[in-house]
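> Once you've had a glance at the structure underneath, I'll fire off some questions.
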Amino acid sequence: MLLSGDFEREEGAASASRVVFTAPYGHTAGARVRLSCRAAGLRSQEEVESGSGPFFALCLGKVRSWSPADAVLEVRPLAIFS
C-alpha cells in the first residue's frame, strides 16, 4: 500500500528504540494512520524532532490491522520518503 499525508511524531507512543508517526486517515473524523519505525533505521532524525510539526511524506507499507474502536489503521512501514 502507498500512503501519502501530513505525518507528525507521536511522543506518547514512542520508546527509546521506536518512533511513531501518525496522520489523518480518510474522511472519518478522528481516524488516523499509525506507523511504528525503528529509531535506528531513520536517516533524517533532525527533521522529525519532537514538536517540529507535521511533515509531508510518502510511505510504502503493509497493513497490519484496523481498530474500529480507536479508528486507527496500523501500517508496517517498509520505506518512508519525506
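Going by the C-alpha cells order, chains are called A, B, ..., each with residues numbered from 1, while ligands are numbered from 1 in the order shown.
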Please provide as a ChimeraX atom specification all residues within 8 Å of region 31-41 of chain A, with the sequence filter that same-chain residues fewer than 3 positions apart are discarded (counting only C-alpha atoms).

/A:16-28,70-77

> So which residues touch region 56-65 of chain A within 8 Å, counting only C-alpha atoms, skipping near sequence neighbours fewer than 4 positions away, as a VMD selection string?

chain A and resid 1 to 7 73 to 82

> Those residues with all heavy atoms, as a short mmCIF file (atom, residue, chain, number, x, y, z; two decimals), in the first residue's frame please?


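Generated output (part.cif):
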```
data_model
loop_
_atom_site.label_atom_id
_atom_site.label_comp_id
_atom_site.auth_asym_id
_atom_site.auth_seq_id
_atom_site.Cartn_x
_atom_site.Cartn_y
_atom_site.Cartn_z
N MET A 1 0.85 -1.16 0.00
CA MET A 1 0.00 0.00 0.00
C MET A 1 0.90 1.23 0.00
O MET A 1 1.92 1.26 0.68
CB MET A 1 -0.92 -0.07 1.21
CG MET A 1 -1.27 1.22 1.86
SD MET A 1 -2.37 1.04 3.27
CE MET A 1 -3.91 1.23 2.47
N LEU A 2 0.53 2.24 -0.76
CA LEU A 2 1.26 3.50 -0.79
C LEU A 2 0.38 4.58 -0.17
O LEU A 2 -0.75 4.80 -0.62
CB LEU A 2 1.63 3.88 -2.22
CG LEU A 2 2.43 5.17 -2.38
CD1 LEU A 2 3.79 5.04 -1.69
CD2 LEU A 2 2.61 5.50 -3.84
N LEU A 3 0.88 5.21 0.87
CA LEU A 3 0.15 6.27 1.58
C LEU A 3 0.88 7.58 1.41
O LEU A 3 2.10 7.60 1.30
CB LEU A 3 0.10 5.97 3.08
CG LEU A 3 -0.53 4.68 3.55
CD1 LEU A 3 -0.18 4.45 5.00
CD2 LEU A 3 -2.02 4.76 3.37
N SER A 4 0.13 8.66 1.44
CA SER A 4 0.76 9.98 1.49
C SER A 4 -0.05 10.82 2.46
O SER A 4 -1.25 10.62 2.62
CB SER A 4 0.79 10.64 0.12
OG SER A 4 -0.51 10.88 -0.35
N GLY A 5 0.63 11.74 3.14
CA GLY A 5 -0.09 12.60 4.07
C GLY A 5 0.85 13.44 4.91
O GLY A 5 2.07 13.40 4.74
N ASP A 6 0.25 14.20 5.79
CA ASP A 6 1.00 15.05 6.71
C ASP A 6 1.14 14.30 8.04
O ASP A 6 0.19 14.20 8.81
CB ASP A 6 0.27 16.38 6.93
CG ASP A 6 0.28 17.22 5.67
OD1 ASP A 6 1.30 17.20 4.97
OD2 ASP A 6 -0.72 17.90 5.39
N PHE A 7 2.32 13.76 8.27
CA PHE A 7 2.60 12.95 9.45
C PHE A 7 3.18 13.80 10.57
O PHE A 7 3.86 14.79 10.31
CB PHE A 7 3.58 11.83 9.11
CG PHE A 7 2.97 10.76 8.26
CD1 PHE A 7 2.92 10.89 6.88
CD2 PHE A 7 2.44 9.62 8.83
CE1 PHE A 7 2.35 9.91 6.09
CE2 PHE A 7 1.87 8.63 8.06
CZ PHE A 7 1.82 8.77 6.68
N LEU A 73 -5.55 2.84 11.73
CA LEU A 73 -5.03 1.88 10.77
C LEU A 73 -3.54 1.72 11.06
O LEU A 73 -2.77 2.67 10.90
CB LEU A 73 -5.24 2.38 9.34
CG LEU A 73 -4.71 1.47 8.24
CD1 LEU A 73 -5.54 0.19 8.17
CD2 LEU A 73 -4.74 2.19 6.90
N GLU A 74 -3.14 0.54 11.52
CA GLU A 74 -1.73 0.25 11.81
C GLU A 74 -1.07 -0.23 10.52
O GLU A 74 -1.54 -1.18 9.90
CB GLU A 74 -1.61 -0.85 12.86
CG GLU A 74 -2.05 -0.45 14.23
CD GLU A 74 -0.99 0.31 14.99
OE1 GLU A 74 0.21 0.27 14.59
OE2 GLU A 74 -1.34 0.94 15.99
N VAL A 75 0.02 0.43 10.14
CA VAL A 75 0.75 0.07 8.93
C VAL A 75 2.20 -0.22 9.30
O VAL A 75 2.82 0.54 10.06
CB VAL A 75 0.69 1.21 7.89
CG1 VAL A 75 1.55 0.89 6.68
CG2 VAL A 75 -0.74 1.45 7.46
N ARG A 76 2.73 -1.33 8.79
CA ARG A 76 4.15 -1.64 8.98
C ARG A 76 4.92 -1.00 7.83
O ARG A 76 4.83 -1.43 6.68
CB ARG A 76 4.36 -3.16 8.95
CG ARG A 76 5.79 -3.54 9.16
CD ARG A 76 5.95 -5.05 9.20
NE ARG A 76 7.31 -5.34 8.79
CZ ARG A 76 7.63 -6.09 7.77
NH1 ARG A 76 6.71 -6.67 7.05
NH2 ARG A 76 8.89 -6.29 7.45
N PRO A 77 5.66 0.05 8.12
CA PRO A 77 6.35 0.77 7.03
C PRO A 77 7.55 -0.01 6.49
O PRO A 77 8.32 -0.58 7.26
CB PRO A 77 6.79 2.08 7.69
CG PRO A 77 6.88 1.76 9.14
CD PRO A 77 5.88 0.68 9.41
N LEU A 78 7.66 -0.03 5.18
CA LEU A 78 8.83 -0.60 4.53
C LEU A 78 9.79 0.51 4.12
O LEU A 78 11.00 0.34 4.17
CB LEU A 78 8.41 -1.41 3.31
CG LEU A 78 7.44 -2.57 3.61
CD1 LEU A 78 6.96 -3.20 2.30
CD2 LEU A 78 8.10 -3.60 4.49
N ALA A 79 9.22 1.65 3.70
CA ALA A 79 10.01 2.83 3.32
C ALA A 79 9.17 4.07 3.53
O ALA A 79 7.98 4.08 3.24
CB ALA A 79 10.46 2.73 1.87
N ILE A 80 9.81 5.12 4.05
CA ILE A 80 9.15 6.41 4.22
C ILE A 80 10.01 7.45 3.52
O ILE A 80 11.21 7.54 3.77
CB ILE A 80 9.00 6.78 5.71
CG1 ILE A 80 8.16 5.73 6.44
CG2 ILE A 80 8.36 8.15 5.85
CD1 ILE A 80 8.10 5.93 7.93
N PHE A 81 9.38 8.22 2.64
CA PHE A 81 10.09 9.26 1.90
C PHE A 81 9.49 10.61 2.28
O PHE A 81 8.29 10.80 2.21
CB PHE A 81 9.93 9.04 0.38
CG PHE A 81 10.35 7.69 -0.06
CD1 PHE A 81 9.42 6.67 -0.23
CD2 PHE A 81 11.69 7.42 -0.31
CE1 PHE A 81 9.82 5.42 -0.65
CE2 PHE A 81 12.09 6.17 -0.72
CZ PHE A 81 11.15 5.15 -0.90
N SER A 82 10.36 11.53 2.71
CA SER A 82 9.85 12.87 3.06
C SER A 82 10.60 13.93 2.29
O SER A 82 11.61 13.71 1.72
CB SER A 82 9.98 13.13 4.55
OG SER A 82 11.31 13.15 4.95
#
```

> Can you tell me, as a list in words, which residues in chain A count as helix (DSSP H, G or I) by DSSP?

Glu11, Gly12, Ala13, Ala39, Ala40, Gly41, Gln45, Glu46, Glu47 and Val48 of chain A

> Next, write the just-selected residues to a file, as a PDB file, in the first residue's frame, keeping all heavy atoms as the atom set.


```pdb
ATOM      1  N   GLU A  11       4.663  11.479  20.456  1.00  0.00           N
ATOM      2  CA  GLU A  11       5.576  11.286  21.583  1.00  0.00           C
ATOM      3  C   GLU A  11       5.085  10.265  22.600  1.00  0.00           C
ATOM      4  O   GLU A  11       5.867   9.516  23.144  1.00  0.00           O
ATOM      5  CB  GLU A  11       5.830  12.621  22.287  1.00  0.00           C
ATOM      6  CG  GLU A  11       6.646  13.583  21.459  1.00  0.00           C
ATOM      7  CD  GLU A  11       7.985  13.016  21.029  1.00  0.00           C
ATOM      8  OE1 GLU A  11       8.673  12.359  21.843  1.00  0.00           O
ATOM      9  OE2 GLU A  11       8.340  13.223  19.861  1.00  0.00           O
ATOM     10  N   GLY A  12       3.792  10.219  22.866  1.00  0.00           N
ATOM     11  CA  GLY A  12       3.265   9.327  23.892  1.00  0.00           C
ATOM     12  C   GLY A  12       3.456   7.858  23.582  1.00  0.00           C
ATOM     13  O   GLY A  12       3.512   7.033  24.484  1.00  0.00           O
ATOM     14  N   ALA A  13       3.575   7.495  22.310  1.00  0.00           N
ATOM     15  CA  ALA A  13       3.696   6.096  21.915  1.00  0.00           C
ATOM     16  C   ALA A  13       5.135   5.691  21.602  1.00  0.00           C
ATOM     17  O   ALA A  13       5.404   4.527  21.366  1.00  0.00           O
ATOM     18  CB  ALA A  13       2.814   5.830  20.705  1.00  0.00           C
ATOM     19  N   ALA A  39      13.931   3.424  15.469  1.00  0.00           N
ATOM     20  CA  ALA A  39      14.626   4.716  15.503  1.00  0.00           C
ATOM     21  C   ALA A  39      15.983   4.629  14.816  1.00  0.00           C
ATOM     22  O   ALA A  39      16.408   5.571  14.140  1.00  0.00           O
ATOM     23  CB  ALA A  39      14.777   5.196  16.937  1.00  0.00           C
ATOM     24  N   ALA A  40      16.645   3.501  14.949  1.00  0.00           N
ATOM     25  CA  ALA A  40      17.976   3.345  14.358  1.00  0.00           C
ATOM     26  C   ALA A  40      17.927   3.343  12.832  1.00  0.00           C
ATOM     27  O   ALA A  40      18.919   3.636  12.182  1.00  0.00           O
ATOM     28  CB  ALA A  40      18.611   2.047  14.851  1.00  0.00           C
ATOM     29  N   GLY A  41      16.778   3.037  12.244  1.00  0.00           N
ATOM     30  CA  GLY A  41      16.666   2.971  10.796  1.00  0.00           C
ATOM     31  C   GLY A  41      16.347   4.293  10.133  1.00  0.00           C
ATOM     32  O   GLY A  41      16.342   4.386   8.913  1.00  0.00           O
ATOM     33  N   GLN A  45      16.813  12.092  11.352  1.00  0.00           N
ATOM     34  CA  GLN A  45      16.172  12.300  12.638  1.00  0.00           C
ATOM     35  C   GLN A  45      16.048  13.770  12.996  1.00  0.00           C
ATOM     36  O   GLN A  45      15.133  14.167  13.691  1.00  0.00           O
ATOM     37  CB  GLN A  45      16.912  11.551  13.735  1.00  0.00           C
ATOM     38  CG  GLN A  45      16.714  10.064  13.607  1.00  0.00           C
ATOM     39  CD  GLN A  45      16.998   9.344  14.893  1.00  0.00           C
ATOM     40  OE1 GLN A  45      17.069   9.946  15.947  1.00  0.00           O
ATOM     41  NE2 GLN A  45      17.143   8.052  14.798  1.00  0.00           N
ATOM     42  N   GLU A  46      16.929  14.618  12.487  1.00  0.00           N
ATOM     43  CA  GLU A  46      16.830  16.049  12.803  1.00  0.00           C
ATOM     44  C   GLU A  46      15.556  16.654  12.228  1.00  0.00           C
ATOM     45  O   GLU A  46      15.066  17.654  12.717  1.00  0.00           O
ATOM     46  CB  GLU A  46      18.056  16.815  12.313  1.00  0.00           C
ATOM     47  CG  GLU A  46      18.212  16.875  10.809  1.00  0.00           C
ATOM     48  CD  GLU A  46      18.902  15.654  10.211  1.00  0.00           C
ATOM     49  OE1 GLU A  46      19.296  14.755  10.963  1.00  0.00           O
ATOM     50  OE2 GLU A  46      19.039  15.610   8.977  1.00  0.00           O
ATOM     51  N   GLU A  47      14.982  16.051  11.179  1.00  0.00           N
ATOM     52  CA  GLU A  47      13.760  16.570  10.574  1.00  0.00           C
ATOM     53  C   GLU A  47      12.507  16.147  11.314  1.00  0.00           C
ATOM     54  O   GLU A  47      11.449  16.702  11.083  1.00  0.00           O
ATOM     55  CB  GLU A  47      13.674  16.112   9.119  1.00  0.00           C
ATOM     56  CG  GLU A  47      14.755  16.695   8.236  1.00  0.00           C
ATOM     57  CD  GLU A  47      14.655  16.185   6.817  1.00  0.00           C
ATOM     58  OE1 GLU A  47      13.636  15.562   6.476  1.00  0.00           O
ATOM     59  OE2 GLU A  47      15.592  16.406   6.063  1.00  0.00           O
ATOM     60  N   VAL A  48      12.602  15.167  12.199  1.00  0.00           N
ATOM     61  CA  VAL A  48      11.417  14.660  12.888  1.00  0.00           C
ATOM     62  C   VAL A  48      11.566  14.781  14.402  1.00  0.00           C
ATOM     63  O   VAL A  48      11.105  13.960  15.151  1.00  0.00           O
ATOM     64  CB  VAL A  48      11.109  13.197  12.483  1.00  0.00           C
ATOM     65  CG1 VAL A  48      10.666  13.134  11.051  1.00  0.00           C
ATOM     66  CG2 VAL A  48      12.281  12.295  12.733  1.00  0.00           C
TER      67      VAL A  48
END
```

> Taking the DSSP secondary structure from the backbone, can you list the residues of chain A that are strand (DSSP E or B), as a VMD selection string?

chain A and resid 2 to 9 18 to 24 32 to 38 55 to 67 72 to 81
